[in-house]
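Q: Dropping the structure in here first, questions after.
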Amino acid sequence: LDPISIVPITLSFVSFVVFNNLSLQYNSIGFYQLIKVLTTPVVVILQNYFYNITINQNLQACLAIICLGVAIATVTDISVNLKGTVYAVLGLVSTAFYQLQVKQRQTSLKVNGLQLLHYQAPQAAAAVLAATPFLDDVWGKEGLARYEMSGGAAAALFVACCLAFCVNLSTFLVIGHTSPVSYQVLGHFKLCFILGAGVLVFGEDSNVVRLSGMVMALCGIIAYSEIKRKVNAEEEEGRR
């Protein structure tokens with residue numbers, strides 16, 4: 001593969017990581033969660049505008065129910081400031097573009113997720129390393145350069161890197177075999193599962209509003225999956 005053809009997905013990935021971290025730093029958790037929920041409609045809008053990919057109205061209705069349910073279940077306090085909002089919007093757009101690029105590059109370059117990640121990961125690592133001195137206090141009193149690495153810290157760092165690789169690989173594989181929108185739905189299901197496990201297994205406090213949001217989101221996810229299955233079956237039948 002031509003490394004230049006991978007640059008757009010690398011730039012969108014680096015932007016997605018940087019701006020989402022800055023958004024979390026400058027915004028409240030509630031506003032950050034709200035922006036994450038908005039990623040789904042932004043993906044739908046951008047893929048329609050840039051790639052002429054549309055989804056039917058029934059699926060759009062399911063997505064609206066899912067997003068509303070997730071917002072009810074997760075969004076609590078919301079405080080807004082100009083700098084945080086700018087970072088949040090940039091993170092929102094770059095996240096949507098990144099997921100669209102993952103799908104588009106696999107299709108246009110005719111590669112699978114692991115092959116694309118093999119070329120993209122080194123570029124992304126180099127770009128993040130180059131940007132770190134401008135975005136973090138590397139040489140300060142508590143900077144990265146002055147950190148004394150211990151065996152435990154090194155082990156934790158290694159495990160974190162392995163988990164990050166698994167997350168990135170799963171993103172490439174899921175989007176490659178489905179679509180960015182379906183990947184978003186899967187992410188919402190994961191969040192509902194985590195919230196539900198927290199209540200049922202670990203006894204975390206909950207309330208009627210949060211539970212109703214989780215139920216609404218799960219109903220939307222089930223409806224989306226069933227409608228998507230029927231749409232795929234119809235398309236497969238039409239190609240025969």
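Following the order of the structure tokens, first chain is A, next is B, and so on, with residues numbered from 1 inside each chain and ligands from 1 in the order they appear.
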Using only C-alpha atoms, which residues sit within 12 Å of Thr76 (chain A) once same-chain residues fewer than 4 positions away are excluded, as a list in words?
A: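 Counting only C-alpha atoms, the residues come to Ser28, Ile29, Gly30, Phe31, Tyr32, Gln33, Leu34, Val70, Ala71, Ile72, Val209 and Arg210 of chain A.
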Q: Got time to write the residues from that selection, all heavy atoms, as an mmCIF file, in the first residue's frame?
A:
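The result, written out as again35.cif:
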```cif
data_model
loop_
_atom_site.group_PDB
_atom_site.id
_atom_site.type_symbol
_atom_site.label_atom_id
_atom_site.label_comp_id
_atom_site.auth_asym_id
_atom_site.auth_seq_id
_atom_site.Cartn_x
_atom_site.Cartn_y
_atom_site.Cartn_z
ATOM 1 N N SER A 28 -17.570 19.269 31.388
ATOM 2 C CA SER A 28 -18.137 18.391 32.405
ATOM 3 C C SER A 28 -18.389 17.013 31.796
ATOM 4 O O SER A 28 -18.490 16.857 30.571
ATOM 5 C CB SER A 28 -19.449 18.969 32.935
ATOM 6 O OG SER A 28 -20.434 18.996 31.902
ATOM 7 N N ILE A 29 -18.494 15.999 32.654
ATOM 8 C CA ILE A 29 -18.748 14.639 32.181
ATOM 9 C C ILE A 29 -20.079 14.569 31.425
ATOM 10 O O ILE A 29 -20.192 13.888 30.402
ATOM 11 C CB ILE A 29 -18.765 13.648 33.358
ATOM 12 C CG1 ILE A 29 -17.395 13.650 34.060
ATOM 13 C CG2 ILE A 29 -19.104 12.248 32.879
ATOM 14 C CD1 ILE A 29 -16.252 13.182 33.195
ATOM 15 N N GLY A 30 -21.072 15.298 31.915
ATOM 16 C CA GLY A 30 -22.381 15.279 31.268
ATOM 17 C C GLY A 30 -22.336 15.815 29.845
ATOM 18 O O GLY A 30 -22.912 15.228 28.921
ATOM 19 N N PHE A 31 -21.636 16.930 29.654
ATOM 20 C CA PHE A 31 -21.526 17.512 28.311
ATOM 21 C C PHE A 31 -20.698 16.607 27.408
ATOM 22 O O PHE A 31 -21.016 16.436 26.222
ATOM 23 C CB PHE A 31 -20.889 18.900 28.396
ATOM 24 C CG PHE A 31 -20.874 19.642 27.089
ATOM 25 C CD1 PHE A 31 -22.045 20.142 26.547
ATOM 26 C CD2 PHE A 31 -19.685 19.831 26.398
ATOM 27 C CE1 PHE A 31 -22.033 20.828 25.336
ATOM 28 C CE2 PHE A 31 -19.658 20.504 25.196
ATOM 29 C CZ PHE A 31 -20.836 21.008 24.662
ATOM 30 N N TYR A 32 -19.659 16.008 27.956
ATOM 31 C CA TYR A 32 -18.828 15.082 27.187
ATOM 32 C C TYR A 32 -19.661 13.889 26.716
ATOM 33 O O TYR A 32 -19.553 13.457 25.552
ATOM 34 C CB TYR A 32 -17.657 14.614 28.044
ATOM 35 C CG TYR A 32 -16.763 13.590 27.387
ATOM 36 C CD1 TYR A 32 -15.815 13.976 26.450
ATOM 37 C CD2 TYR A 32 -16.860 12.243 27.721
ATOM 38 C CE1 TYR A 32 -14.984 13.037 25.849
ATOM 39 C CE2 TYR A 32 -16.039 11.303 27.125
ATOM 40 C CZ TYR A 32 -15.103 11.704 26.194
ATOM 41 O OH TYR A 32 -14.288 10.765 25.600
ATOM 42 N N GLN A 33 -20.496 13.342 27.599
ATOM 43 C CA GLN A 33 -21.360 12.221 27.229
ATOM 44 C C GLN A 33 -22.376 12.631 26.168
ATOM 45 O O GLN A 33 -22.667 11.861 25.246
ATOM 46 C CB GLN A 33 -22.076 11.678 28.460
ATOM 47 C CG GLN A 33 -21.221 10.817 29.355
ATOM 48 C CD GLN A 33 -20.770 9.538 28.672
ATOM 49 O OE1 GLN A 33 -19.633 9.129 28.792
ATOM 50 N NE2 GLN A 33 -21.662 8.900 27.943
ATOM 51 N N LEU A 34 -22.913 13.837 26.286
ATOM 52 C CA LEU A 34 -23.876 14.319 25.299
ATOM 53 C C LEU A 34 -23.241 14.392 23.916
ATOM 54 O O LEU A 34 -23.854 13.998 22.909
ATOM 55 C CB LEU A 34 -24.406 15.692 25.713
ATOM 56 C CG LEU A 34 -25.395 16.353 24.746
ATOM 57 C CD1 LEU A 34 -26.646 15.503 24.585
ATOM 58 C CD2 LEU A 34 -25.764 17.754 25.243
ATOM 59 N N VAL A 70 -29.960 6.677 25.466
ATOM 60 C CA VAL A 70 -28.606 6.766 26.026
ATOM 61 C C VAL A 70 -28.400 8.115 26.707
ATOM 62 O O VAL A 70 -27.782 8.210 27.775
ATOM 63 C CB VAL A 70 -27.554 6.530 24.928
ATOM 64 C CG1 VAL A 70 -26.154 6.830 25.451
ATOM 65 C CG2 VAL A 70 -27.631 5.106 24.416
ATOM 66 N N ALA A 71 -28.908 9.185 26.087
ATOM 67 C CA ALA A 71 -28.772 10.514 26.682
ATOM 68 C C ALA A 71 -29.485 10.578 28.033
ATOM 69 O O ALA A 71 -28.955 11.123 29.004
ATOM 70 C CB ALA A 71 -29.329 11.569 25.734
ATOM 71 N N ILE A 72 -30.684 10.013 28.110
ATOM 72 C CA ILE A 72 -31.436 10.009 29.370
ATOM 73 C C ILE A 72 -30.697 9.211 30.442
ATOM 74 O O ILE A 72 -30.653 9.597 31.613
ATOM 75 C CB ILE A 72 -32.846 9.434 29.148
ATOM 76 C CG1 ILE A 72 -33.682 10.375 28.268
ATOM 77 C CG2 ILE A 72 -33.555 9.191 30.478
ATOM 78 C CD1 ILE A 72 -35.024 9.810 27.867
ATOM 79 N N VAL A 209 -35.395 7.327 36.071
ATOM 80 C CA VAL A 209 -35.022 8.014 34.829
ATOM 81 C C VAL A 209 -33.910 7.263 34.110
ATOM 82 O O VAL A 209 -33.994 6.995 32.899
ATOM 83 C CB VAL A 209 -34.578 9.465 35.129
ATOM 84 C CG1 VAL A 209 -34.062 10.136 33.861
ATOM 85 C CG2 VAL A 209 -35.741 10.267 35.703
ATOM 86 N N ARG A 210 -32.872 6.907 34.840
ATOM 87 C CA ARG A 210 -31.756 6.191 34.212
ATOM 88 C C ARG A 210 -32.194 4.831 33.681
ATOM 89 O O ARG A 210 -31.842 4.445 32.553
ATOM 90 C CB ARG A 210 -30.619 6.019 35.209
ATOM 91 C CG ARG A 210 -29.529 5.061 34.738
ATOM 92 C CD ARG A 210 -28.298 5.100 35.618
ATOM 93 N NE ARG A 210 -27.515 6.308 35.369
ATOM 94 C CZ ARG A 210 -26.280 6.481 35.830
ATOM 95 N NH1 ARG A 210 -25.714 5.548 36.579
ATOM 96 N NH2 ARG A 210 -25.620 7.588 35.564
#
```
Q: Which polymer residues have any atom within 12 Å of an atom of Val111 (chain A), counting only C-alpha atoms, with same-chain residues fewer than 5 positions away left out, as an NGL selection string?
A: :A and (1 or 6 or 102-106 or 116-119 or 172-173 or 176-177)
Q: Please extract the residues of region 39-106 of chain A with a backbone DSSP assignment of alpha helix (DSSP H) and present them as an MDAnalysis selection string.
A: chainID A and resid 39:51 57:74 82:106
Q: Within 8 Å of region 47-62 of chain A, counting only C-alpha atoms, which residues qualify if same-chain residues fewer than 4 places away don't, as a VMD selection string?
A: chain A and resid 43 66 100 220 to 221 223 to 224 227 to 228
Q: With only C-alpha atoms as the atoms that count, which of A:Val14, A:Ala155, A:Ala164, A:Leu68 lies nearest to Ala131 (chain A)?
A: A:Val14
Q: What gap, in Å, lies between CA of Ala130 (chain A) and CA of Thr10 (chain A)?
A: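 Straight-line distance from CA of Ala130 (chain A) to CA of Thr10 (chain A) works out to 13.3 Å.
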